[in-house]
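Novice: So here's target.cif (mmCIF, C-alpha atoms (C1' of nucleotides)).
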```
data_entry
loop_
_atom_site.group_PDB
_atom_site.id
_atom_site.type_symbol
_atom_site.label_atom_id
_atom_site.label_comp_id
_atom_site.auth_asym_id
_atom_site.auth_seq_id
_atom_site.Cartn_x
_atom_site.Cartn_y
_atom_site.Cartn_z
ATOM 1 C CA MET A 3 128.253 150.227 9.035
ATOM 2 C CA PRO A 4 127.645 146.521 8.555
ATOM 3 C CA LEU A 5 125.092 145.274 11.090
ATOM 4 C CA ARG A 6 127.451 142.628 12.349
ATOM 5 C CA ILE A 7 129.955 145.293 13.391
ATOM 6 C CA ALA A 8 127.282 147.487 14.961
ATOM 7 C CA ALA A 9 126.041 144.555 17.010
ATOM 8 C CA ARG A 10 129.570 143.837 18.186
ATOM 9 C CA LYS A 11 130.175 147.439 19.224
ATOM 10 C CA ILE A 12 126.837 147.796 21.020
ATOM 11 C CA PRO A 13 125.917 144.373 22.366
ATOM 12 C CA ASP A 14 122.608 145.519 23.886
ATOM 13 C CA ALA A 15 121.441 147.392 20.780
ATOM 14 C CA VAL A 16 117.931 146.586 19.623
ATOM 15 C CA ILE A 17 118.069 145.585 15.962
ATOM 16 C CA LEU A 18 114.763 145.349 14.123
ATOM 17 C CA PRO A 19 114.049 143.833 10.733
ATOM 18 C CA VAL A 20 112.980 146.126 7.886
ATOM 19 C CA ASP A 21 109.224 146.743 7.994
ATOM 20 C CA ALA A 22 108.573 147.807 4.419
ATOM 21 C CA PRO A 23 104.759 148.036 4.663
ATOM 22 C CA ALA A 24 105.008 150.362 7.670
ATOM 23 C CA TYR A 25 107.542 152.618 5.936
ATOM 24 C CA THR A 26 105.480 152.708 2.769
ATOM 25 C CA ALA A 27 102.368 153.675 4.710
ATOM 26 C CA ALA A 28 104.185 156.484 6.519
ATOM 27 C CA SER A 29 105.769 157.622 3.265
ATOM 28 C CA THR A 30 102.390 157.780 1.525
ATOM 29 C CA GLU A 31 101.031 159.991 4.290
ATOM 30 C CA VAL A 32 103.940 162.391 3.958
ATOM 31 C CA MET A 33 103.651 162.531 0.151
ATOM 32 C CA ASP A 34 99.893 163.131 0.371
ATOM 33 C CA THR A 35 100.568 166.007 2.722
ATOM 34 C CA LEU A 36 102.994 167.509 0.216
ATOM 35 C CA ARG A 37 100.478 167.139 -2.617
ATOM 36 C CA ALA A 38 97.891 168.969 -0.519
ATOM 37 C CA GLN A 39 100.043 172.111 -0.405
ATOM 38 C CA PRO A 40 98.810 174.964 -2.622
ATOM 39 C CA GLY A 41 100.182 174.766 -6.167
ATOM 40 C CA ALA A 42 102.538 171.887 -5.356
ATOM 41 C CA VAL A 43 103.846 169.500 -8.034
ATOM 42 C CA VAL A 44 105.331 166.504 -6.238
ATOM 43 C CA GLN A 45 108.008 164.158 -7.589
ATOM 44 C CA VAL A 46 108.692 161.323 -5.177
ATOM 45 C CA LEU A 47 112.335 160.250 -4.921
ATOM 46 C CA GLY A 48 112.088 157.432 -2.436
ATOM 47 C CA TRP A 49 110.555 156.560 0.885
ATOM 48 C CA ASP A 50 111.684 159.744 2.580
ATOM 49 C CA GLU A 51 112.364 162.297 -0.110
ATOM 50 C CA ALA A 52 110.520 164.306 -2.729
ATOM 51 C CA PHE A 53 110.846 167.350 -4.942
ATOM 52 C CA VAL A 54 108.094 169.913 -4.561
ATOM 53 C CA GLY A 55 107.763 172.289 -7.498
ATOM 54 C CA VAL A 56 106.040 175.568 -6.723
ATOM 55 C CA GLU A 57 105.902 179.239 -7.753
ATOM 56 C CA THR A 58 106.044 181.519 -4.746
ATOM 57 C CA ASP A 59 107.433 184.869 -3.645
ATOM 58 C CA ASP A 60 108.249 183.427 -0.248
ATOM 59 C CA PRO A 61 110.043 180.070 -0.572
ATOM 60 C CA GLU A 62 111.136 180.018 3.074
ATOM 61 C CA GLY A 63 107.587 180.667 4.267
ATOM 62 C CA TYR A 64 106.305 177.917 1.973
ATOM 63 C CA ALA A 65 108.991 175.538 3.280
ATOM 64 C CA ARG A 66 108.052 176.253 6.890
ATOM 65 C CA ALA A 67 104.411 175.621 6.068
ATOM 66 C CA ILE A 68 105.362 172.248 4.590
ATOM 67 C CA GLN A 69 107.301 171.339 7.723
ATOM 68 C CA ARG A 70 104.356 172.307 9.952
ATOM 69 C CA ALA A 71 101.868 170.362 7.853
ATOM 70 C CA VAL A 72 104.005 167.211 7.770
ATOM 71 C CA LEU A 73 104.665 167.405 11.503
ATOM 72 C CA GLU A 74 100.987 167.906 12.285
ATOM 73 C CA ARG A 75 99.797 165.028 10.180
ATOM 74 C CA THR A 76 102.561 162.476 10.753
ATOM 75 C CA ARG A 77 104.556 163.635 13.804
ATOM 76 C CA LEU A 78 107.618 163.495 11.542
ATOM 77 C CA HIS A 79 110.145 166.296 11.156
ATOM 78 C CA CYS A 80 111.732 167.123 7.825
ATOM 79 C CA SER A 81 114.332 169.450 6.415
ATOM 80 C CA VAL A 82 113.710 171.443 3.269
ATOM 81 C CA GLY A 83 116.177 172.574 0.630
ATOM 82 C CA ILE A 84 115.209 175.412 -1.671
ATOM 83 C CA GLY A 85 116.850 175.625 -5.057
ATOM 84 C CA ASP A 86 116.504 177.018 -8.556
ATOM 85 C CA THR A 87 117.530 173.612 -9.966
ATOM 86 C CA LEU A 88 116.796 170.092 -8.772
ATOM 87 C CA VAL A 89 120.455 169.525 -7.953
ATOM 88 C CA ARG A 90 120.712 172.689 -5.870
ATOM 89 C CA ALA A 91 117.489 171.925 -4.008
ATOM 90 C CA LYS A 92 118.672 168.412 -3.263
ATOM 91 C CA ILE A 93 122.059 169.548 -1.993
ATOM 92 C CA ALA A 94 120.467 172.394 -0.025
ATOM 93 C CA THR A 95 118.452 169.819 1.916
ATOM 94 C CA GLY A 96 121.685 168.486 3.373
ATOM 95 C CA PHE A 97 122.537 171.932 4.724
ATOM 96 C CA GLY A 98 119.017 172.182 6.154
ATOM 97 C CA LYS A 99 119.384 169.133 8.365
ATOM 98 C CA PRO A 100 118.022 168.720 10.904
ATOM 99 C CA GLN A 101 114.557 170.249 10.732
ATOM 100 C CA GLU A 102 115.703 173.450 9.054
ATOM 101 C CA VAL A 103 115.450 175.257 5.727
ATOM 102 C CA PHE A 104 118.340 176.213 3.433
ATOM 103 C CA ARG A 105 118.352 178.090 0.137
ATOM 104 C CA LEU A 106 120.905 177.332 -2.596
ATOM 105 C CA THR A 107 120.642 179.163 -5.922
ATOM 106 C CA ALA A 108 122.852 180.500 -8.698
ATOM 107 C CA GLU A 109 123.448 183.467 -6.416
ATOM 108 C CA ASN A 110 125.250 181.613 -3.607
ATOM 109 C CA TRP A 111 126.192 178.343 -5.367
ATOM 110 C CA PHE A 112 129.914 178.990 -5.708
ATOM 111 C CA GLU A 113 130.115 180.801 -2.403
ATOM 112 C CA VAL A 114 128.665 177.746 -0.631
ATOM 113 C CA MET A 115 129.903 174.901 -2.836
ATOM 114 C CA GLY A 116 132.858 176.235 -4.851
ATOM 115 C CA ASP A 117 135.626 175.162 -2.488
ATOM 116 C CA ARG A 118 134.018 171.905 -1.459
ATOM 117 C CA PRO A 119 135.264 168.538 -2.773
ATOM 118 C CA VAL A 120 133.427 167.164 -5.806
ATOM 119 C CA ILE A 121 132.212 164.175 -3.800
ATOM 120 C CA ASP A 122 129.786 166.514 -2.030
ATOM 121 C CA LEU A 123 127.834 166.670 -5.281
ATOM 122 C CA TRP A 124 124.744 164.522 -5.731
ATOM 123 C CA GLY A 125 125.823 161.987 -8.353
ATOM 124 C CA VAL A 126 129.576 162.005 -7.698
ATOM 125 C CA GLY A 127 130.744 159.060 -5.640
ATOM 126 C CA SER A 128 134.117 157.794 -4.529
ATOM 127 C CA LYS A 129 135.138 156.352 -7.915
ATOM 128 C CA VAL A 130 134.400 159.405 -10.008
ATOM 129 C CA SER A 131 135.856 161.628 -7.316
ATOM 130 C CA LYS A 132 139.162 159.723 -7.586
ATOM 131 C CA ARG A 133 139.177 159.871 -11.374
ATOM 132 C CA LEU A 134 138.580 163.611 -11.203
ATOM 133 C CA ASP A 135 141.401 163.929 -8.681
ATOM 134 C CA ALA A 136 143.702 162.287 -11.217
ATOM 135 C CA LEU A 137 142.712 164.954 -13.729
ATOM 136 C CA GLY A 138 143.637 167.653 -11.223
ATOM 137 C CA ILE A 139 140.005 168.479 -10.501
ATOM 138 C CA HIS A 140 139.322 168.557 -6.786
ATOM 139 C CA SER A 141 136.793 171.267 -6.022
ATOM 140 C CA VAL A 142 133.319 171.977 -7.315
ATOM 141 C CA ALA A 143 134.560 175.235 -8.830
ATOM 142 C CA GLU A 144 137.320 173.372 -10.691
ATOM 143 C CA LEU A 145 134.791 170.875 -12.010
ATOM 144 C CA ALA A 146 132.566 173.704 -13.189
ATOM 145 C CA SER A 147 135.314 175.131 -15.377
ATOM 146 C CA ALA A 148 136.865 171.851 -16.492
ATOM 147 C CA PRO A 149 137.499 171.678 -20.247
ATOM 148 C CA GLU A 150 134.686 169.857 -22.038
ATOM 149 C CA GLN A 151 137.001 167.775 -24.227
ATOM 150 C CA ALA A 152 138.989 166.439 -21.306
ATOM 151 C CA MET A 153 135.813 165.563 -19.441
ATOM 152 C CA GLN A 154 134.347 163.777 -22.441
ATOM 153 C CA ALA A 155 137.574 161.927 -23.062
ATOM 154 C CA GLU A 156 137.556 160.605 -19.507
ATOM 155 C CA PHE A 157 133.856 159.949 -18.897
ATOM 156 C CA GLY A 158 132.269 159.625 -22.313
ATOM 157 C CA PRO A 159 130.199 162.086 -24.313
ATOM 158 C CA ARG A 160 127.188 162.207 -21.993
ATOM 159 C CA MET A 161 128.599 161.738 -18.530
ATOM 160 C CA GLY A 162 131.523 164.062 -19.210
ATOM 161 C CA LEU A 163 129.235 166.973 -19.888
ATOM 162 C CA TRP A 164 126.845 165.943 -17.144
ATOM 163 C CA TYR A 165 129.503 166.022 -14.403
ATOM 164 C CA ARG A 166 130.651 169.419 -15.593
ATOM 165 C CA GLU A 167 127.080 170.677 -15.440
ATOM 166 C CA LEU A 168 126.805 169.216 -11.957
ATOM 167 C CA GLY A 169 129.715 171.400 -10.893
ATOM 168 C CA ARG A 170 127.661 174.378 -12.010
ATOM 169 C CA GLY A 171 124.654 173.286 -10.001
ATOM 170 C CA GLY A 172 122.744 171.418 -12.689
ATOM 171 C CA SER A 173 120.332 172.980 -15.109
ATOM 172 C CA SER A 174 116.962 171.298 -14.825
ATOM 173 C CA ALA A 175 114.283 172.936 -12.742
ATOM 174 C CA VAL A 176 111.424 170.762 -13.944
ATOM 175 C CA VAL A 177 109.598 168.788 -11.289
ATOM 176 C CA ASP A 178 107.877 165.857 -12.970
ATOM 177 C CA ASP A 179 104.926 164.303 -11.180
ATOM 178 C CA THR A 180 104.066 161.587 -13.695
ATOM 179 C CA PRO A 181 103.782 158.377 -11.681
ATOM 180 C CA TRP A 182 106.902 156.244 -11.788
ATOM 181 C CA VAL A 183 106.703 152.975 -13.680
ATOM 182 C CA PRO A 184 109.352 150.539 -12.426
ATOM 183 C CA ARG A 185 111.743 149.291 -15.115
ATOM 184 C CA GLY A 186 112.181 146.025 -13.316
ATOM 185 C CA HIS A 187 112.249 144.188 -10.032
ATOM 186 C CA SER A 188 114.860 142.124 -8.281
ATOM 187 C CA ARG A 189 115.372 140.033 -5.189
ATOM 188 C CA GLU A 190 118.629 138.929 -3.722
ATOM 189 C CA THR A 191 119.715 136.987 -0.675
ATOM 190 C CA THR A 192 123.000 136.630 1.109
ATOM 191 C CA TYR A 193 123.015 133.129 2.509
ATOM 192 C CA GLN A 194 124.091 132.446 6.046
ATOM 193 C CA VAL A 195 125.817 129.338 4.747
ATOM 194 C CA ASP A 196 127.297 129.261 1.250
ATOM 195 C CA LEU A 197 125.370 127.212 -1.286
ATOM 196 C CA ALA A 198 127.446 124.339 -2.540
ATOM 197 C CA ASP A 199 125.663 122.055 -4.941
ATOM 198 C CA ARG A 200 123.640 122.596 -8.075
ATOM 199 C CA THR A 201 120.281 121.409 -6.690
ATOM 200 C CA GLU A 202 120.579 123.778 -3.768
ATOM 201 C CA ILE A 203 121.390 126.672 -6.074
ATOM 202 C CA GLU A 204 118.550 125.904 -8.444
ATOM 203 C CA ALA A 205 116.073 125.677 -5.581
ATOM 204 C CA ALA A 206 117.258 129.023 -4.202
ATOM 205 C CA ALA A 207 116.934 130.623 -7.641
ATOM 206 C CA ARG A 208 113.359 129.363 -7.927
ATOM 207 C CA VAL A 209 112.474 130.941 -4.595
ATOM 208 C CA LEU A 210 113.841 134.291 -5.763
ATOM 209 C CA LEU A 211 112.009 133.965 -9.052
ATOM 210 C CA GLU A 212 108.696 133.415 -7.265
ATOM 211 C CA GLN A 213 109.171 136.609 -5.261
ATOM 212 C CA VAL A 214 110.216 138.615 -8.279
ATOM 213 C CA LEU A 215 107.283 137.409 -10.360
ATOM 214 C CA GLU A 216 104.964 138.541 -7.610
ATOM 215 C CA ASP A 217 106.493 142.022 -7.721
ATOM 216 C CA ALA A 218 106.188 142.048 -11.498
ATOM 217 C CA GLU A 219 102.405 141.926 -11.196
ATOM 218 C CA ASN A 220 101.888 140.179 -14.523
ATOM 219 C CA ARG A 221 103.599 142.825 -16.613
ATOM 220 C CA PRO A 222 105.369 141.202 -19.577
ATOM 221 C CA ILE A 223 108.970 140.272 -18.867
ATOM 222 C CA VAL A 224 111.537 141.315 -21.483
ATOM 223 C CA GLY A 225 114.777 140.474 -19.713
ATOM 224 C CA LEU A 226 116.303 138.394 -16.937
ATOM 225 C CA GLY A 227 119.381 138.912 -14.832
ATOM 226 C CA LEU A 228 121.156 136.586 -12.449
ATOM 227 C CA LYS A 229 123.640 137.909 -9.932
ATOM 228 C CA VAL A 230 126.074 135.536 -8.298
ATOM 229 C CA ARG A 231 128.453 136.318 -5.499
ATOM 230 C CA TYR A 232 131.033 133.614 -5.074
ATOM 231 C CA ALA A 233 132.793 133.295 -1.740
ATOM 232 C CA PRO A 234 134.564 135.314 -0.574
ATOM 233 C CA PHE A 235 133.204 138.282 -2.531
ATOM 234 C CA THR A 236 133.550 138.034 -6.312
ATOM 235 C CA THR A 237 130.365 139.133 -8.040
ATOM 236 C CA LYS A 238 129.205 138.170 -11.524
ATOM 237 C CA THR A 239 126.061 138.930 -13.459
ATOM 238 C CA PHE A 240 124.469 137.037 -16.314
ATOM 239 C CA THR A 241 121.687 138.635 -18.281
ATOM 240 C CA LYS A 242 119.373 137.549 -21.034
ATOM 241 C CA ARG A 243 116.953 139.407 -23.240
ATOM 242 C CA VAL A 244 113.702 137.487 -23.858
ATOM 243 C CA ALA A 245 110.694 137.898 -26.111
ATOM 244 C CA PRO A 246 107.998 139.594 -23.983
ATOM 245 C CA THR A 247 106.199 136.956 -21.947
ATOM 246 C CA THR A 248 104.140 136.486 -18.810
ATOM 247 C CA ASP A 249 104.402 132.710 -18.937
ATOM 248 C CA ARG A 250 105.927 131.261 -15.772
ATOM 249 C CA GLU A 251 107.262 128.136 -17.468
ATOM 250 C CA THR A 252 109.063 130.103 -20.132
ATOM 251 C CA VAL A 253 110.554 132.517 -17.619
ATOM 252 C CA THR A 254 111.638 129.705 -15.340
ATOM 253 C CA ALA A 255 113.328 127.886 -18.213
ATOM 254 C CA LYS A 256 115.234 131.045 -19.217
ATOM 255 C CA ALA A 257 116.230 131.650 -15.610
ATOM 256 C CA MET A 258 117.609 128.136 -15.368
ATOM 257 C CA GLU A 259 119.690 128.777 -18.494
ATOM 258 C CA LEU A 260 121.350 131.580 -16.566
ATOM 259 C CA VAL A 261 121.756 129.398 -13.483
ATOM 260 C CA ALA A 262 123.582 126.890 -15.695
ATOM 261 C CA LYS A 263 126.294 129.527 -16.251
ATOM 262 C CA ILE A 264 127.252 129.533 -12.586
ATOM 263 C CA ALA A 265 130.701 128.073 -12.123
ATOM 264 C CA PRO A 266 130.504 124.568 -10.750
ATOM 265 C CA ASP A 267 132.564 123.892 -7.620
ATOM 266 C CA ARG A 268 132.535 127.503 -6.455
ATOM 267 C CA PRO A 269 130.656 128.156 -3.204
ATOM 268 C CA VAL A 270 127.868 130.698 -3.729
ATOM 269 C CA ARG A 271 127.343 133.297 -1.078
ATOM 270 C CA LEU A 272 124.660 135.446 -2.708
ATOM 271 C CA LEU A 273 122.104 134.908 -5.411
ATOM 272 C CA GLY A 274 120.060 137.678 -6.998
ATOM 273 C CA LEU A 275 117.390 137.536 -9.641
ATOM 274 C CA ARG A 276 116.088 140.444 -11.650
ATOM 275 C CA VAL A 277 113.345 140.812 -14.225
ATOM 276 C CA GLU A 278 113.173 143.629 -16.702
ATOM 277 C CA LEU A 279 109.630 144.630 -17.576
ATOM 278 C CA ALA A 280 107.993 145.865 -20.746
ATOM 279 C CA MET A 281 107.133 149.536 -20.472
ATOM 280 C CA PRO A 282 103.594 150.646 -21.223
ATOM 281 C CA ASP A 283 103.387 152.773 -24.375
ATOM 282 C CA ASP A 284 102.660 156.046 -22.617
ATOM 283 C CA ALA A 285 105.763 155.731 -20.453
ATOM 284 C CA ARG A 286 108.091 154.490 -23.144
ATOM 285 C CA ASP A 287 109.050 157.552 -25.135
ATOM 286 C CA GLY A 288 109.167 161.281 -24.910
ATOM 287 C CA HIS A 289 109.383 162.466 -21.378
ATOM 288 C CA THR A 290 111.026 159.529 -19.657
ATOM 289 C CA PRO A 291 113.717 161.248 -17.642
ATOM 290 C CA THR A 292 117.259 159.940 -17.998
ATOM 291 C CA ARG A 293 120.347 160.438 -15.954
ATOM 292 C CA GLY A 294 122.148 162.491 -18.549
ATOM 293 C CA GLY A 295 119.106 164.313 -19.751
ATOM 294 C CA TRP A 296 119.231 167.504 -17.789
ATOM 295 C "C1'" DT B 6 135.601 146.323 9.396
ATOM 296 C "C1'" DC B 7 134.768 142.777 5.648
ATOM 297 C "C1'" DT B 8 130.441 143.013 3.241
ATOM 298 C "C1'" DG B 9 122.333 144.515 2.896
ATOM 299 C "C1'" DG B 10 118.872 145.017 -0.520
ATOM 300 C "C1'" DG B 11 116.411 147.287 -4.269
ATOM 301 C "C1'" DG B 12 116.741 150.300 -7.768
ATOM 302 C "C1'" DT B 13 118.437 153.456 -12.094
ATOM 303 C "C1'" DC B 14 121.336 154.709 -15.901
ATOM 304 C "C1'" DC B 15 125.697 154.706 -18.780
ATOM 305 C "C1'" DT B 16 129.560 152.623 -21.386
ATOM 306 C "C1'" DA B 17 132.351 149.330 -23.917
ATOM 307 C "C1'" DG B 18 132.791 145.702 -26.930
ATOM 308 C "C1'" DG B 19 131.134 142.198 -29.939
ATOM 309 C "C1'" DA B 20 127.756 140.386 -33.305
ATOM 310 C "C1'" DC B 21 125.113 141.235 -37.084
ATOM 311 C "C1'" DC B 22 123.148 143.747 -40.949
ATOM 312 C "C1'" DC B 23 123.049 146.945 -44.855
ATOM 313 C "C1'" DT C 25 137.570 138.454 -52.074
ATOM 314 C "C1'" DC C 26 138.343 142.083 -49.070
ATOM 315 C "C1'" DT C 27 137.319 146.591 -46.939
ATOM 316 C "C1'" DG C 28 134.823 150.448 -44.782
ATOM 317 C "C1'" DG C 29 131.290 152.907 -42.406
ATOM 318 C "C1'" DG C 30 127.061 153.312 -39.891
ATOM 319 C "C1'" DG C 31 123.379 151.555 -37.247
ATOM 320 C "C1'" DT C 32 121.155 148.421 -33.852
ATOM 321 C "C1'" DC C 33 120.965 144.963 -30.480
ATOM 322 C "C1'" DC C 34 122.849 142.246 -26.755
ATOM 323 C "C1'" DT C 35 125.816 141.207 -22.735
ATOM 324 C "C1'" DA C 36 128.808 142.377 -18.967
ATOM 325 C "C1'" DG C 37 130.387 145.584 -15.928
ATOM 326 C "C1'" DG C 38 130.490 149.946 -13.505
ATOM 327 C "C1'" DA C 39 128.773 153.762 -10.797
ATOM 328 C "C1'" DC C 40 125.596 155.895 -7.991
ATOM 329 C "C1'" DC C 41 121.522 156.570 -4.986
ATOM 330 C "C1'" DC C 42 118.106 155.642 -1.142
#
```
Output the file's structure in the form of structure tokens.

Specialist:
Amino acid sequence: MPLRIAARKIPDAVILPVDAPAYTAASTEVMDTLRAQPGAVVQVLGWDEAFVGVETDDPEGYARAIQRAVLERTRLHCSVGIGDTLVRAKIATGFGKPQEVFRLTAENWFEVMGDRPVIDLWGVGSKVSKRLDALGIHSVAELASAPEQAMQAEFGPRMGLWYRELGRGGSSAVVDDTPWVPRGHSRETTYQVDLADRTEIEAAARVLLEQVLEDAENRPIVGLGLKVRYAPFTTKTFTKRVAPTTDRETVTAKAMELVAKIAPDRPVRLLGLRVELAMPDDARDGHTPTRGGW
DNA sequence: TCTGGGGTCCTAGGACCC
DNA sequence: TCTGGGGTCCTAGGACCC
């Protein structure tokens, strides 16, 4: 729900700004607790989520132990999903909420998920759900047995097969704990008052660039992206590949080339700036996980 | 109801090269 | 002079997730 609406509905609600450092600190404590569990391989998914890979004869017991340990150390509750694939574990977590444990494996996958709408799957959103509807595919079970050719024709060679696999519960069970190297960083701002003239827009872009360069921590920049939302809500992106550089002047000049593409005379409601970063050699090839790479 | 911010990955189409 | 196929790179847009 947009904050504006929430504030209107509950006039005396207390609305706090995001406190990223506090959330990161709490998150780190939780993740450290997970890593301290016997035999655990931990793949962090975000501030409040992680895969824990483990071999055990008693998954439920292990899950309960995790919940106790996290609660003891951080006073935070968590729910745990147990699965024989990453997708099943992730979806199982939803059934475990709040503060419970749920097991979802090949054994009960279709019993639990078969009749549910495809949008309940992790990775299927409203758009894909509608396109599947148009193909006559509504349930998870129907997706699982959808003809490969039809799926590929609609969604492309990779995604077509991937969605079908999703209907079957996914196939990967590998928890990967190699530290994540960000592909890029971005900052965007929705302005309280639309930006009108060129100087204003350029100044705003420079502010975003400063922030983004700080996040980039001197890693070489290989690409730039500018996102523009014109009033009322039309969004455009301009991107540019650049020869790897850490030089501020060069990056600024390239960014301004993108800014020059903004339509004159159109009020700008949002500006976003993104940098794409060079990947270190050891993270570039081989095991980098991809969306379609189950 | 009317619009948050920071990410990732995939696809299509065009340009260019061999 | 024109055609064809295959590969790579770039840009824009789309979709999804937390």

Novice: Compute the set of chain B residues within 10 Å of chain A, using all atoms listed in the file, and express it as number ranges by chain.

Specialist: B: 6-16

Novice: Identify all residues satisfying the PyMOL selection byres ((chain C and resi 41) around 8) in the given file; provide them as a PyMOL selection string.

Specialist: (chain A and resi 125) or (chain C and resi 40+42)

Novice: For the file shown, report as an MDAnalysis selection string the outcome of the PyMOL selection byres ((chain A and resi 136-149) around 8) at residue level.

Specialist: chainID A and resid 112 115:120 123 131:135 150:153 165:170

Novice: Let me know the residues the PyMOL selection byres ((chain A and resi 52) around 12) catches in the file above, as a PyMOL selection string.

Specialist: (chain A and resi 29-30+32-37+42-51+53-55+68+80-83+88+91-92+95+177-179) or (chain C and resi 42)

Novice: With 10 Å as the threshold, what does the neighbourhood of (131.8, 139.0, -19.4) contain in terms of residues, counting all atoms listed in the file? Coordinates are those of the file; answer as a PyMOL selection string.

Specialist: (chain A and resi 238-240) or (chain C and resi 35-37)

Novice: Rank A:Thr107, A:Gln194, A:Thr26, A:Thr201 by their smallest atom-to-atom distance to Val261 of chain A, using all atoms listed in the file, and report the top residue only.

Specialist: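 Nearest candidate to Val261 of chain A out of A:Thr107, A:Gln194, A:Thr26, A:Thr201: A:Thr201.
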
Novice: At what distance in Å, to one decimal, does atom CA of Ala207 of chain A lie from atom CA of Pro222 of chain A?

Specialist: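 Value for the atom CA of Pro222 of chain A-atom CA of Ala207 of chain A distance: 19.7 Å.
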
Novice: Mind pulling up the distance from atom CA of Pro269 of chain A to atom CA of Asp196 of chain A?

Specialist: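 Taking atom CA of Asp196 of chain A and atom CA of Pro269 of chain A, their separation equals 5.7 Å.
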
Novice: One decimal, Å: what's the distance from atom CA of Lys99 of chain A over to atom CA of Gln69 of chain A, could you say?

Specialist: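 Between atom CA of Lys99 of chain A and atom CA of Gln69 of chain A the gap is 12.3 Å.
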
Novice: Reconstruct all heavy atoms of segment 78-83 of chain A; output as a tab-separated table (two decimals), keeping the file's coordinate frame.

Specialist:
```tsv
chain	number	residue	atom	x	y	z
A	78	LEU	N	106.25	163.64	12.06
A	78	LEU	CA	107.62	163.50	11.54
A	78	LEU	C	108.19	164.87	11.20
A	78	LEU	O	107.50	165.73	10.66
A	78	LEU	CB	107.61	162.63	10.28
A	78	LEU	CG	107.25	161.16	10.47
A	78	LEU	CD1	106.98	160.50	9.12
A	78	LEU	CD2	108.36	160.43	11.21
A	79	HIS	N	109.45	165.06	11.53
A	79	HIS	CA	110.14	166.30	11.16
A	79	HIS	C	110.77	166.12	9.78
A	79	HIS	O	111.08	165.00	9.37
A	79	HIS	CB	111.23	166.63	12.17
A	79	HIS	CG	110.69	167.03	13.50
A	79	HIS	ND1	110.26	168.30	13.77
A	79	HIS	CD2	110.48	166.31	14.64
A	79	HIS	CE1	109.81	168.36	15.02
A	79	HIS	NE2	109.94	167.17	15.57
A	80	CYS	N	111.00	167.22	9.08
A	80	CYS	CA	111.73	167.12	7.82
A	80	CYS	C	112.54	168.38	7.61
A	80	CYS	O	112.25	169.44	8.17
A	80	CYS	CB	110.79	166.90	6.64
A	80	CYS	SG	109.53	168.15	6.42
A	81	SER	N	113.58	168.26	6.81
A	81	SER	CA	114.33	169.45	6.42
A	81	SER	C	114.00	169.75	4.96
A	81	SER	O	113.67	168.84	4.19
A	81	SER	CB	115.84	169.24	6.60
A	81	SER	OG	116.22	167.98	6.11
A	82	VAL	N	114.09	171.03	4.61
A	82	VAL	CA	113.71	171.44	3.27
A	82	VAL	C	114.85	172.22	2.62
A	82	VAL	O	115.41	173.14	3.23
A	82	VAL	CB	112.44	172.32	3.29
A	82	VAL	CG1	112.08	172.76	1.87
A	82	VAL	CG2	111.27	171.58	3.93
A	83	GLY	N	115.20	171.83	1.41
A	83	GLY	CA	116.18	172.57	0.63
A	83	GLY	C	115.44	173.34	-0.46
A	83	GLY	O	114.57	172.79	-1.12
```
